[in-house]
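Undergrad: Data file protein_4.cif (mmCIF, C-alpha atoms and all ligand atoms) is appended below.
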data_run
loop_
_atom_site.label_atom_id
_atom_site.label_comp_id
_atom_site.auth_asym_id
_atom_site.auth_seq_id
_atom_site.Cartn_x
_atom_site.Cartn_y
_atom_site.Cartn_z
CA MET G 688 20.07 5.72 160.63
CA ILE G 689 20.79 9.08 162.26
CA VAL G 690 21.04 12.09 159.96
CA LEU G 691 22.28 15.63 160.42
CA LEU G 692 20.90 18.02 157.80
CA ILE G 693 22.64 21.35 157.33
CA GLY G 694 20.66 24.37 156.14
CA SER G 695 17.59 26.50 156.77
CA GLY G 696 15.79 27.12 153.48
CA GLY G 697 12.86 25.75 151.51
CA ARG G 698 15.33 23.43 149.81
CA GLU G 699 16.32 21.85 153.13
CA HIS G 700 12.65 21.60 154.20
CA ALA G 701 11.95 19.63 151.00
CA LEU G 702 15.02 17.43 151.59
CA ALA G 703 13.96 16.86 155.19
CA LEU G 704 10.44 15.78 154.18
CA SER G 705 11.83 13.32 151.64
CA LEU G 706 14.35 11.91 154.14
CA THR G 707 11.61 11.33 156.73
CA LYS G 708 9.87 8.94 154.31
CA SER G 709 12.75 6.48 154.57
CA PRO G 710 12.04 3.47 156.81
CA ASP G 711 15.74 3.52 157.78
CA LEU G 712 15.58 6.99 159.36
CA THR G 713 15.59 6.79 163.14
CA LYS G 714 16.45 10.39 163.99
CA MET G 715 17.10 13.62 162.12
CA TYR G 716 18.85 16.72 163.44
CA CYS G 717 18.90 19.95 161.53
CA SER G 718 21.19 22.96 161.91
CA PRO G 719 20.16 25.74 161.88
CA GLY G 720 16.74 24.53 160.62
CA ASN G 721 13.58 26.65 160.39
CA PRO G 722 10.10 26.49 161.95
CA GLY G 723 8.89 24.08 159.23
CA ILE G 724 11.87 21.74 159.44
CA ASN G 725 11.82 21.87 163.24
CA LYS G 726 8.51 19.98 163.20
CA ILE G 727 10.17 16.93 161.67
CA ALA G 728 13.78 17.25 162.84
CA GLU G 729 15.40 18.28 166.10
CA LYS G 730 16.90 21.75 165.82
CA VAL G 731 20.54 22.07 166.83
CA SER G 732 22.59 25.24 166.80
CA LEU G 733 26.01 24.35 165.45
CA THR G 734 28.71 26.79 164.44
CA LEU G 735 29.10 25.52 160.90
CA ASN G 736 32.53 27.03 160.26
CA ASP G 737 33.87 25.41 163.42
CA HIS G 738 34.30 22.00 161.82
CA GLN G 739 35.67 20.41 164.98
CA SER G 740 32.47 21.23 166.87
CA VAL G 741 30.35 19.72 164.08
CA ILE G 742 32.51 16.59 164.17
CA GLU G 743 32.14 16.34 167.95
CA PHE G 744 28.35 16.67 167.65
CA CYS G 745 28.26 13.91 165.03
CA LYS G 746 30.40 11.62 167.17
CA ASN G 747 28.35 12.29 170.34
CA LYS G 748 25.08 11.62 168.57
CA ALA G 749 26.40 8.73 166.43
CA VAL G 750 25.36 10.51 163.23
CA ASP G 751 25.53 8.16 160.24
CA LEU G 752 25.17 10.74 157.49
CA VAL G 753 25.51 14.50 157.17
CA VAL G 754 23.51 16.03 154.31
CA ILE G 755 24.82 19.49 153.45
CA GLY G 756 22.26 21.76 151.74
CA PRO G 757 23.89 25.16 151.01
CA GLU G 758 27.04 25.95 149.03
CA GLN G 759 28.93 27.96 151.66
CA PRO G 760 29.77 25.10 154.07
CA LEU G 761 30.75 22.98 151.04
CA ALA G 762 33.01 25.72 149.69
CA ASP G 763 34.47 25.96 153.21
CA GLY G 764 35.41 22.27 153.18
CA LEU G 765 32.97 20.88 155.74
CA SER G 766 32.67 17.61 153.79
CA ASP G 767 36.47 17.20 153.79
CA SER G 768 36.67 17.69 157.56
CA LEU G 769 33.83 15.25 158.20
CA ARG G 770 35.32 12.58 155.91
CA LEU G 771 38.74 12.95 157.52
CA ALA G 772 37.04 12.28 160.86
CA GLY G 773 35.38 9.15 159.44
CA ILE G 774 31.88 10.66 159.14
CA HIS G 775 29.91 10.12 155.94
CA ALA G 776 28.87 13.30 154.17
CA PHE G 777 26.58 13.88 151.21
CA GLY G 778 28.18 16.86 149.50
CA PRO G 779 31.39 17.51 147.54
CA SER G 780 34.82 18.32 148.87
CA LYS G 781 36.05 21.91 148.88
CA ALA G 782 38.07 21.20 145.72
CA ALA G 783 35.09 19.67 143.88
CA ALA G 784 32.79 22.47 145.09
CA GLN G 785 34.91 24.86 143.02
CA LEU G 786 32.60 23.97 140.15
CA GLU G 787 30.29 26.47 141.88
CA SER G 788 32.59 28.52 144.12
CA SER G 789 34.83 29.64 141.26
CA LYS G 790 33.21 30.44 137.91
CA GLY G 791 36.71 30.70 136.43
CA PHE G 792 37.55 27.17 137.64
CA ALA G 793 34.30 25.83 136.14
CA LYS G 794 34.84 27.57 132.80
CA GLU G 795 38.51 26.52 132.46
CA PHE G 796 37.51 22.97 133.38
CA MET G 797 34.81 22.94 130.67
CA LEU G 798 37.26 24.35 128.14
CA ARG G 799 39.82 21.65 128.99
CA TYR G 800 37.35 18.85 128.37
CA ASN G 801 35.28 20.29 125.55
CA ILE G 802 32.09 20.57 127.58
CA PRO G 803 29.61 22.83 125.75
CA THR G 804 29.36 26.31 127.30
CA ALA G 805 29.48 29.97 126.31
CA ALA G 806 32.78 31.37 124.95
CA PHE G 807 34.59 33.30 127.70
CA HIS G 808 37.71 34.91 129.06
CA THR G 809 38.81 35.49 132.68
CA PHE G 810 40.35 38.72 133.98
CA ILE G 811 41.78 39.74 137.33
CA SER G 812 41.59 43.05 139.16
CA GLY G 813 44.00 45.55 137.56
CA ASP G 814 43.09 44.35 134.07
CA GLU G 815 39.89 46.41 133.77
CA HIS G 816 40.97 47.89 130.45
CA ASN G 817 41.43 44.52 128.71
CA ALA G 818 38.25 43.20 130.31
CA LEU G 819 36.25 46.05 128.81
CA ASN G 820 37.92 45.63 125.42
CA TYR G 821 37.00 41.96 125.47
CA ALA G 822 33.38 42.81 126.39
CA ASP G 823 33.25 45.26 123.48
CA SER G 824 34.73 42.69 121.13
CA MET G 825 32.03 40.13 122.08
CA GLY G 826 29.23 42.58 121.20
CA TYR G 827 26.26 43.28 123.46
CA PRO G 828 24.57 41.89 125.46
CA VAL G 829 27.52 40.32 127.22
CA VAL G 830 27.56 38.45 130.54
CA ILE G 831 29.87 39.54 133.37
CA LYS G 832 30.27 37.20 136.34
CA ALA G 833 32.10 37.59 139.62
CA ASP G 834 34.35 34.54 140.03
CA GLY G 835 33.39 33.71 143.62
CA LEU G 836 30.20 33.17 145.61
CA ALA G 837 28.07 36.32 145.67
CA ALA G 838 24.74 35.00 146.98
CA GLY G 839 23.28 34.83 143.48
CA LYS G 840 23.98 38.51 142.79
CA GLY G 841 27.31 38.22 140.98
CA VAL G 842 25.99 38.05 137.39
CA VAL G 843 25.33 41.12 135.24
CA ILE G 844 23.94 40.99 131.73
CA ALA G 845 25.39 44.20 130.30
CA LEU G 846 23.39 45.65 127.42
CA ASN G 847 26.01 48.19 126.32
CA HIS G 848 29.54 49.50 126.87
CA GLU G 849 28.56 51.73 129.83
CA GLU G 850 26.83 48.91 131.69
CA ALA G 851 29.81 46.64 131.10
CA GLU G 852 32.20 49.32 132.34
CA ASN G 853 30.15 49.88 135.49
CA ALA G 854 29.90 46.17 136.23
CA ILE G 855 33.61 45.53 135.64
CA ASN G 856 34.72 48.49 137.74
CA SER G 857 32.35 47.83 140.62
CA MET G 858 33.06 44.09 140.81
CA MET G 859 36.81 44.48 140.48
CA GLY G 860 36.61 47.43 142.87
CA GLY G 861 35.37 45.12 145.62
CA LEU G 862 31.53 45.21 145.43
CA TYR G 863 31.49 41.51 146.37
CA ASP G 864 34.75 41.67 148.29
CA SER G 865 37.23 39.15 146.96
CA ALA G 866 34.50 37.27 145.02
CA GLY G 867 34.66 39.86 142.24
CA LYS G 868 38.41 40.47 142.11
CA SER G 869 38.47 37.93 139.32
CA LEU G 870 35.80 38.01 136.60
CA VAL G 871 34.49 35.81 133.84
CA ILE G 872 33.21 37.64 130.77
CA GLU G 873 31.18 35.43 128.50
CA GLU G 874 29.04 35.26 125.42
CA PHE G 875 25.32 35.80 125.95
CA MET G 876 23.42 32.62 125.13
CA GLN G 877 19.89 32.64 123.75
CA GLY G 878 17.46 29.86 124.61
CA GLU G 879 15.50 28.40 127.47
CA GLU G 880 17.03 27.41 130.81
CA ALA G 881 16.58 24.18 132.77
CA SER G 882 18.10 22.66 135.89
CA ILE G 883 19.17 19.03 136.07
CA PHE G 884 20.31 17.35 139.27
CA ALA G 885 22.68 14.38 139.16
CA ILE G 886 23.07 12.44 142.39
CA THR G 887 26.51 10.89 142.30
CA ASP G 888 29.03 8.89 144.28
CA GLY G 889 31.82 10.38 142.17
CA THR G 890 31.53 7.82 139.36
CA ASP G 891 27.96 6.60 138.91
CA PHE G 892 24.97 8.91 138.90
CA ILE G 893 21.18 9.12 138.77
CA THR G 894 19.38 12.16 137.35
CA LEU G 895 16.17 13.43 138.91
CA ALA G 896 13.26 15.11 137.12
CA PRO G 897 14.48 18.13 135.11
CA ALA G 898 13.09 21.38 136.46
CA GLN G 899 12.69 24.97 135.38
CA ASP G 900 13.20 27.85 137.77
CA HIS G 901 11.74 31.38 137.41
CA LYS G 902 14.53 33.71 138.52
CA ARG G 903 13.05 37.14 137.79
CA ILE G 904 10.80 38.83 140.32
CA TYR G 905 7.90 39.78 138.01
CA ASP G 906 5.55 37.95 135.67
CA GLY G 907 6.80 37.53 132.14
CA ASP G 908 10.40 37.19 133.42
CA LYS G 909 10.68 40.92 134.08
CA GLY G 910 12.56 42.79 136.79
CA PRO G 911 15.66 41.90 138.76
CA ASN G 912 16.96 38.38 139.41
CA THR G 913 15.98 36.71 142.68
CA GLY G 914 16.93 33.46 144.36
CA GLY G 915 13.99 31.93 142.44
CA MET G 916 10.27 32.75 142.50
CA GLY G 917 8.89 29.36 141.54
CA ALA G 918 9.60 26.19 139.62
CA TYR G 919 8.00 23.21 137.99
CA ALA G 920 9.06 19.70 137.02
CA PRO G 921 9.43 17.83 134.80
CA ALA G 922 10.30 20.59 132.33
CA PRO G 923 9.17 19.50 128.83
CA ILE G 924 12.00 21.53 127.24
CA VAL G 925 14.27 18.74 128.51
CA THR G 926 13.15 16.08 126.06
CA GLU G 927 14.60 12.58 126.19
CA ASP G 928 17.04 13.60 123.48
CA VAL G 929 18.16 16.72 125.41
CA MET G 930 18.56 14.65 128.59
CA THR G 931 20.74 12.15 126.71
CA LYS G 932 22.92 15.02 125.46
CA VAL G 933 23.16 16.50 128.97
CA LYS G 934 24.33 13.13 130.29
CA GLU G 935 26.74 12.32 127.48
CA SER G 936 28.27 15.70 126.77
CA ILE G 937 28.12 17.20 130.29
CA ILE G 938 27.52 14.95 133.31
CA ILE G 939 29.62 11.94 132.26
CA PRO G 940 32.72 13.95 131.26
CA VAL G 941 32.39 16.23 134.31
CA LEU G 942 32.35 13.29 136.73
CA ARG G 943 35.08 11.42 134.85
CA GLU G 944 37.45 14.38 134.61
CA MET G 945 36.82 15.73 138.11
CA ALA G 946 37.84 12.26 139.31
CA SER G 947 40.81 12.10 136.92
CA GLU G 948 42.05 15.43 138.32
CA GLY G 949 41.84 13.99 141.83
CA ASN G 950 38.63 15.82 142.85
CA PRO G 951 35.78 13.31 142.58
CA PHE G 952 32.41 15.03 142.94
CA ILE G 953 30.19 13.34 145.54
CA GLY G 954 26.73 14.72 146.20
CA CYS G 955 24.29 16.60 143.98
CA LEU G 956 25.72 18.15 140.84
CA TYR G 957 23.39 20.92 139.68
CA VAL G 958 23.70 21.41 135.94
CA GLY G 959 22.09 24.65 134.76
CA VAL G 960 21.73 24.56 130.98
CA MET G 961 20.59 26.86 128.19
CA ILE G 962 18.79 24.90 125.49
CA LYS G 963 18.56 26.20 121.95
CA ASP G 964 17.38 24.10 119.00
CA GLY G 965 17.65 21.01 121.20
CA GLU G 966 21.31 21.64 122.10
CA PRO G 967 22.16 22.13 125.78
CA LYS G 968 25.07 24.33 126.89
CA VAL G 969 26.16 24.86 130.48
CA VAL G 970 25.14 28.18 132.08
CA GLU G 971 26.43 27.21 135.50
CA PHE G 972 27.20 24.36 137.84
CA ASN G 973 26.19 24.35 141.46
CA CYS G 974 27.63 21.97 144.00
CA ARG G 975 24.28 21.39 145.72
CA PHE G 976 20.55 21.15 145.10
CA GLY G 977 18.76 24.18 143.63
CA ASP G 978 16.25 26.30 145.46
CA PRO G 979 13.30 26.32 144.60
CA GLU G 980 13.82 23.45 142.12
CA THR G 981 14.27 20.96 144.98
CA GLN G 982 10.76 21.84 146.16
CA VAL G 983 9.36 20.36 142.92
CA VAL G 984 11.93 17.66 142.23
CA MET G 985 11.91 15.91 145.62
CA PRO G 986 8.11 15.36 145.82
CA LEU G 987 8.34 13.50 142.49
CA VAL G 988 11.00 11.06 143.71
CA ASP G 989 9.59 7.58 144.13
CA GLY G 990 11.89 5.68 146.45
CA ASP G 991 14.22 5.90 149.41
CA VAL G 992 16.12 9.19 149.35
CA LEU G 993 18.10 8.38 152.48
CA LYS G 994 19.33 5.16 150.88
CA LEU G 995 20.22 7.14 147.75
CA PHE G 996 22.19 9.84 149.59
CA TYR G 997 23.89 7.39 151.95
CA SER G 998 24.92 5.10 149.09
CA ALA G 999 26.38 8.09 147.22
CA ALA G 1000 28.22 9.26 150.32
CA ILE G 1001 29.88 5.86 150.86
CA GLY G 1002 30.88 5.63 147.19
CA LYS G 1003 28.48 2.84 146.20
CA LEU G 1004 25.51 4.50 144.53
CA ASP G 1005 22.44 2.29 144.92
CA GLN G 1006 20.72 2.60 141.54
CA SER G 1007 17.73 0.68 142.87
CA SER G 1008 17.06 3.09 145.75
CA ILE G 1009 14.69 5.20 143.66
CA LYS G 1010 12.71 4.70 140.47
CA THR G 1011 14.35 6.41 137.52
CA SER G 1012 11.09 7.02 135.68
CA VAL G 1013 9.12 9.99 136.94
CA SER G 1014 5.35 9.99 137.08
CA GLY G 1015 3.47 13.08 138.12
CA HIS G 1016 4.06 16.81 137.81
CA ALA G 1017 4.87 19.39 140.46
CA CYS G 1018 4.65 23.17 140.66
CA CYS G 1019 6.04 25.46 143.36
CA VAL G 1020 5.13 29.11 143.86
CA VAL G 1021 7.26 31.20 146.21
CA LEU G 1022 5.49 33.64 148.50
CA ALA G 1023 7.89 36.51 149.03
CA SER G 1024 7.86 39.74 151.03
CA LYS G 1025 6.86 42.70 148.86
CA GLY G 1026 10.02 44.63 147.96
CA TYR G 1027 12.25 41.54 147.68
CA PRO G 1028 14.95 41.24 146.22
CA GLY G 1029 15.38 44.83 147.50
CA ASP G 1030 14.31 46.08 150.92
CA TYR G 1031 11.16 44.68 152.48
CA GLU G 1032 9.22 44.72 155.73
CA LYS G 1033 8.96 41.56 157.79
CA ASN G 1034 7.57 40.10 161.04
CA PHE G 1035 3.99 39.79 159.78
CA PRO G 1036 1.92 36.88 161.15
CA ILE G 1037 1.25 34.11 158.63
CA ASN G 1038 -2.16 32.42 158.44
CA GLY G 1039 -3.64 29.60 156.42
CA ILE G 1040 -0.76 27.13 156.11
CA GLU G 1041 -2.79 24.30 157.68
CA ILE G 1042 -5.68 24.94 155.28
CA ALA G 1043 -3.32 24.82 152.30
CA GLU G 1044 -1.84 21.57 153.65
CA GLU G 1045 -5.33 20.11 154.10
CA ASN G 1046 -5.84 21.01 150.46
CA GLY G 1047 -2.97 18.64 149.69
CA ALA G 1048 -0.15 21.16 149.19
CA PHE G 1049 3.34 20.98 150.66
CA VAL G 1050 4.17 24.28 152.32
CA TYR G 1051 7.94 24.70 152.63
CA HIS G 1052 9.31 27.29 155.01
CA ALA G 1053 12.13 29.53 153.77
CA GLY G 1054 12.00 32.85 155.63
CA THR G 1055 9.78 32.27 158.66
CA SER G 1056 10.31 32.66 162.38
CA GLU G 1057 8.28 31.71 165.40
CA THR G 1058 7.86 33.88 168.46
CA ASP G 1059 5.55 32.87 171.32
CA GLY G 1060 3.88 30.35 169.04
CA VAL G 1061 3.13 32.91 166.30
CA LEU G 1062 4.59 32.16 162.88
CA CYS G 1063 5.82 35.31 161.12
CA SER G 1064 7.52 36.29 157.88
CA SER G 1065 11.23 36.84 158.47
CA GLY G 1066 12.90 36.84 155.06
CA GLY G 1067 12.64 37.81 151.40
CA ARG G 1068 11.41 34.44 150.27
CA VAL G 1069 9.00 33.33 152.98
CA LEU G 1070 7.25 30.14 151.85
CA GLY G 1071 7.25 27.78 148.89
CA VAL G 1072 3.90 26.19 148.11
CA THR G 1073 4.04 22.99 146.04
CA ALA G 1074 1.32 20.76 144.67
CA VAL G 1075 1.66 17.51 142.75
CA ALA G 1076 -0.84 16.16 140.21
CA ASP G 1077 -1.05 13.77 137.27
CA ASN G 1078 -0.59 16.59 134.82
CA LEU G 1079 1.07 20.00 134.97
CA LYS G 1080 -2.14 21.98 134.48
CA ASP G 1081 -3.73 20.42 137.56
CA ALA G 1082 -0.51 20.81 139.56
CA VAL G 1083 -0.42 24.52 138.71
CA SER G 1084 -4.07 25.18 139.53
CA LYS G 1085 -3.84 23.25 142.80
CA THR G 1086 -0.71 25.19 143.73
CA TYR G 1087 -2.36 28.58 143.13
CA GLU G 1088 -5.55 27.43 144.90
CA SER G 1089 -3.36 26.61 147.92
CA VAL G 1090 -1.33 29.81 147.65
CA ASN G 1091 -4.58 31.78 147.88
CA MET G 1092 -5.39 30.07 151.19
CA ILE G 1093 -2.29 31.57 152.81
CA TYR G 1094 -2.14 35.15 154.00
CA PHE G 1095 0.42 37.53 155.47
CA ASN G 1096 0.82 41.28 155.14
CA ASN G 1097 2.84 42.36 152.08
CA ALA G 1098 2.87 38.86 150.55
CA PHE G 1099 3.92 38.86 146.90
CA PHE G 1100 4.07 36.05 144.38
CA ARG G 1101 4.32 35.53 140.64
CA LYS G 1102 1.08 34.59 138.87
CA ASP G 1103 2.66 32.84 135.88
CA ILE G 1104 4.77 30.01 137.25
CA ALA G 1105 4.94 27.13 134.71
CA TYR G 1106 2.76 28.98 132.17
CA LYS G 1107 5.56 28.68 129.62
CA ALA G 1108 5.03 24.93 129.64
CA LEU G 1109 1.23 24.97 129.55
P1 LIG G 1201 24.52 32.03 136.97
O1 LIG G 1201 24.66 32.48 138.40
O2 LIG G 1201 25.80 31.80 136.27
O3 LIG G 1201 23.53 30.91 136.83
O4 LIG G 1201 23.77 33.24 136.23
C1 LIG G 1201 22.52 33.72 136.69
C2 LIG G 1201 21.55 33.85 135.53
O5 LIG G 1201 22.08 34.74 134.55
C3 LIG G 1201 21.31 32.55 134.80
O6 LIG G 1201 20.34 31.77 135.38
C4 LIG G 1201 20.90 33.05 133.43
O7 LIG G 1201 19.53 33.44 133.44
C5 LIG G 1201 21.73 34.28 133.25
N1 LIG G 1201 22.95 33.92 132.51
C6 LIG G 1201 24.13 33.53 133.03
N2 LIG G 1201 25.04 33.29 132.07
C7 LIG G 1201 24.43 33.52 130.91
C8 LIG G 1201 24.83 33.47 129.54
N3 LIG G 1201 26.08 33.15 129.19
N4 LIG G 1201 23.92 33.78 128.60
C9 LIG G 1201 22.67 34.15 128.94
N5 LIG G 1201 22.23 34.24 130.20
C10 LIG G 1201 23.08 33.92 131.18
N1 LIG G 1202 17.55 28.14 141.67
C1 LIG G 1202 18.87 28.49 141.39
C2 LIG G 1202 19.85 28.03 142.37
O1 LIG G 1202 19.54 27.29 143.28
O2 LIG G 1202 21.02 28.38 142.25
#
Kindly return the structure encoded in the file as structure tokens.
Ligand code: AMP
Ligand code: GLY
TA:
Amino acid sequence: MIVLLIGSGGREHALALSLTKSPDLTKMYCSPGNPGINKIAEKVSLTLNDHQSVIEFCKNKAVDLVVIGPEQPLADGLSDSLRLAGIHAFGPSKAAAQLESSKGFAKEFMLRYNIPTAAFHTFISGDEHNALNYADSMGYPVVIKADGLAAGKGVVIALNHEEAENAINSMMGGLYDSAGKSLVIEEFMQGEEASIFAITDGTDFITLAPAQDHKRIYDGDKGPNTGGMGAYAPAPIVTEDVMTKVKESIIIPVLREMASEGNPFIGCLYVGVMIKDGEPKVVEFNCRFGDPETQVVMPLVDGDVLKLFYSAAIGKLDQSSIKTSVSGHACCVVLASKGYPGDYEKNFPINGIEIAEENGAFVYHAGTSETDGVLCSSGGRVLGVTAVADNLKDAVSKTYESVNMIYFNNAFFRKDIAYKAL
């Protein structure tokens, strides 16, 4: 089977490694790829928003399946264009991707079908006054979210009236362009977060190991939010009982009602939940795999991921393609450039990846580049280092042992990934 993988992050590197394990894979292309992915897939430079050119590439190369990693091409309708051209795609349609690309859509959808989530109200630009009154009436802290995609930056937890006013005015004033012209203001939920991935053909689904991300930059969950500084799986906060509730009160109704509204969701539904006293409520949906959660979830999958994705894409989910029970534990620590998520220096040579790999770790590339054979840091999140072991404690210590084998100037990482669970 010939696969085209879309994306360039640590998430796509983890997906690529899992896909290569399938005996059915004959060739993998990746666009735009990264220096890690390029070792196992052929790099191609496609213009992703020129759908016709992607279709032509797929037809020329007889691509059997396109796996779409990031949200932007999904929100832009790449899956729809591919399907119309008769090419199988793993990833939701533009309409189904609204579960991520419009927070207002997701919240109204949950309200319609009684799916547990924080109380909320939506406001559009021009209605700043009522938005602020609503925030005041909720009491602080209150959560203010830009409706559209804002590269993970569109959520503000306002601690008082002034912070709410600033957030509302700046978002509605165009800070995230049109993404913030409409806002969701919602109740602040207490509890512990977890991420659950459901692989689905639109009707049936399989959940993978629940994971927990560490979004803040500093130890102890301090400092600004990032794309994710590390993760581990399975997350013990998601007990069997919590998982049953997530399936019955969230995943099953979401898939059923998305289909009933004419927008079946095909691909990976990311369910971000807040769990308090064993009760999960939805924090967010994403229309794709999480990053860095994928870097811990995929190494724990026992089975044929290509078969799983292909069967979902053709609408006949193969429940036997992977084992549903998860054995093993995984931890991922992100090596970032000091200064991230703000400004940072880059282009520093990276050493020690091979030694960490010899130590048994998976080293996923996220922000790396290669010039004249020298691998350098080129982004905020540079590498994700994952180790797998029989128990979480060993997975964590092996991960940090491997992290310490890698060196580049200005490298920064959190020292407490997974400690909450230990
Ligand atoms: P989102 O992009 O919606 O996932 O929000 C980013 C982060 O903000 C989440 O991972 C949570 O840590 C936090 N957050 C979002 N919504 C809420 C909420 N209603 N209550 C508490 N924290 C939230
Ligand atoms: N790790 C959070 C996300 O992928 O959105």
Undergrad: Extract, using only C-alpha atoms, all DNA, RNA and protein residues at most 7 Å from Gly791 of chain G, discarding same-chain residues fewer than 5 positions from it, and format them as a list in words.
TA: Thr809, Asp834 and Val871 of chain G
Undergrad: Could you turn the residues from that selection into a file that holds C-alpha atoms, as a compact mmCIF listing (two decimals), in the coordinates of the input?
TA:
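Just written: part-v7.txt:
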# COMPACT_ATOMS: atom_id res chain seq x y z
CA THR G 809 38.81 35.49 132.68
CA ASP G 834 34.35 34.54 140.03
CA VAL G 871 34.49 35.81 133.84
Undergrad: Might you pull out every residue within 8 Å of segment 1039-1041 of chain G, with all atoms listed in the file counted and same-chain residues fewer than 2 positions away left off, and present them as a PyMOL selection string?
TA: chain G and resi 1037+1043-1045+1050+1092-1094
Undergrad: Looking at all atoms listed in the file, which of G:Arg1068, G:Lys868, G:Lys1025, G:Lys934 is the one that sits closest to Asn1097 of chain G?
TA: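 For Asn1097 of chain G, the nearest of the candidates is G:Lys1025.
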Undergrad: Grab the atom CA of Pro803 of chain G to atom CA of Thr931 of chain G distance for me, in Å with one decimal place.
TA: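 Distance reported for this atom pair: 13.9 Å.
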Undergrad: Please report the interatomic distance between atom CA of Tyr821 of chain G and atom C7 of ligand LIG 1201 (chain G) in Å with one decimal.
TA: 16.1 Å
Undergrad: Show me which residues sit within 10 Å of ligand LIG 1201 (chain G) when counting only C-alpha atoms and all ligand atoms, and put them as a VMD selection string.
TA: chain G and resid 787 790 804 to 807 828 to 834 836 to 844 871 to 882 900 to 903 908 912 to 915 958 to 961 968 to 973
Undergrad: Tell me, as an MDAnalysis selection string, which residues lie within 12 Å of Ser1007 of chain G, counting all atoms listed in the file; anything in the same chain fewer than 3 positions away does not count.
TA: chainID G and resid 892:893 989:992 994:995 998 1003:1004 1010:1012
Undergrad: Print the selection's residues with C-alpha atoms to a file, as a CSV table (one decimal), in the coordinates of the input.
TA:
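The result, stored in again_21.csv:
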chain,number,residue,atom,x,y,z
G,892,PHE,CA,25.0,8.9,138.9
G,893,ILE,CA,21.2,9.1,138.8
G,989,ASP,CA,9.6,7.6,144.1
G,990,GLY,CA,11.9,5.7,146.4
G,991,ASP,CA,14.2,5.9,149.4
G,992,VAL,CA,16.1,9.2,149.4
G,994,LYS,CA,19.3,5.2,150.9
G,995,LEU,CA,20.2,7.1,147.8
G,998,SER,CA,24.9,5.1,149.1
G,1003,LYS,CA,28.5,2.8,146.2
G,1004,LEU,CA,25.5,4.5,144.5
G,1010,LYS,CA,12.7,4.7,140.5
G,1011,THR,CA,14.4,6.4,137.5
G,1012,SER,CA,11.1,7.0,135.7
Undergrad: Which of these residues is nearest to ligand LIG 1202 (chain G), using all atoms listed in the file: G:Tyr1051, G:Tyr919, G:Tyr1106, G:Phe996?
TA: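 Looking only at the distances to ligand LIG 1202 (chain G), the closest residue turns out to be G:Tyr919.
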Undergrad: Counting all atoms listed in the file, which of G:Ala818, G:Met825, G:Ala1023, G:Met916 gets nearest to ligand LIG 1202 (chain G)?
TA: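 Ranked by minimum distance to ligand LIG 1202 (chain G), first place goes to G:Met916.
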Undergrad: Which is closer to Pro967 of chain G than all the others in G:Val754, G:Ile939, G:Ala851, G:Ile802, using all atoms listed in the file?
TA: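 Going through G:Val754, G:Ile939, G:Ala851, G:Ile802 one by one, the smallest distance to Pro967 of chain G is for G:Ile802.
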Undergrad: Mind giving me the straight-line distance from atom CA of Val929 of chain G to atom CA of Ile953 of chain G in Å, one decimal?
TA: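 If I compute the distance from atom CA of Val929 of chain G to atom CA of Ile953 of chain G, I get 23.7 Å.
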Undergrad: Closest to ligand LIG 1202 (chain G) among G:Glu852, G:Glu935, G:Asp891, G:Asp978, using all atoms listed in the file?
TA: G:Asp978
Undergrad: If you count all atoms listed in the file, which residues fall within 12 Å of Gly1047 of chain G, apart from same-chain ones fewer than 6 positions away, as a PyMOL selection string?
TA: chain G and resi 1040-1041+1072-1076+1082+1085-1090+1092
Undergrad: The selected residues should be written to file as a JSON list (two decimals), in the frame of the given file (atoms: C-alpha atoms).
TA:
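And here's result29.json as it stands now:
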[["chain", "number", "residue", "atom", "x", "y", "z"],
["G", 1040, "ILE", "CA", -0.76, 27.13, 156.11],
["G", 1041, "GLU", "CA", -2.79, 24.30, 157.68],
["G", 1072, "VAL", "CA", 3.90, 26.19, 148.11],
["G", 1073, "THR", "CA", 4.04, 22.99, 146.04],
["G", 1074, "ALA", "CA", 1.32, 20.76, 144.67],
["G", 1075, "VAL", "CA", 1.66, 17.51, 142.75],
["G", 1076, "ALA", "CA", -0.84, 16.16, 140.21],
["G", 1082, "ALA", "CA", -0.51, 20.81, 139.56],
["G", 1085, "LYS", "CA", -3.84, 23.25, 142.80],
["G", 1086, "THR", "CA", -0.71, 25.19, 143.73],
["G", 1087, "TYR", "CA", -2.36, 28.58, 143.13],
["G", 1088, "GLU", "CA", -5.55, 27.43, 144.90],
["G", 1089, "SER", "CA", -3.36, 26.61, 147.92],
["G", 1090, "VAL", "CA", -1.33, 29.81, 147.65],
["G", 1092, "MET", "CA", -5.39, 30.07, 151.19]]
Undergrad: Could you check the closest approach to Lys794 of chain G for each of G:Met858, G:Leu819, G:Leu870, G:Ile904 and tell me which residue wins, using all atoms listed in the file?
TA: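 So, comparing all the options, the nearest one is G:Leu870.
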Undergrad: Can you sort out the box for segment 816-828 of chain G, edges along x, y and z, all listed atoms in, 5 Å on every side, with centre and edge lengths in Å to one decimal, as JSON?
TA:
{"center_x": 33.0, "center_y": 44.0, "center_z": 125.8, "size_x": 26.9, "size_y": 17.8, "size_z": 19.3}
Undergrad: Which polymer residues, protein or nucleic acid, are no farther than 12 Å from (32.5, 16.5, 145.6), counting all atoms listed in the file, as a PyMOL selection string?
TA: chain G and resi 755+758+761-762+764-767+770+776-787+885-890+941-942+945-946+949-957+973-975+999-1000+1002
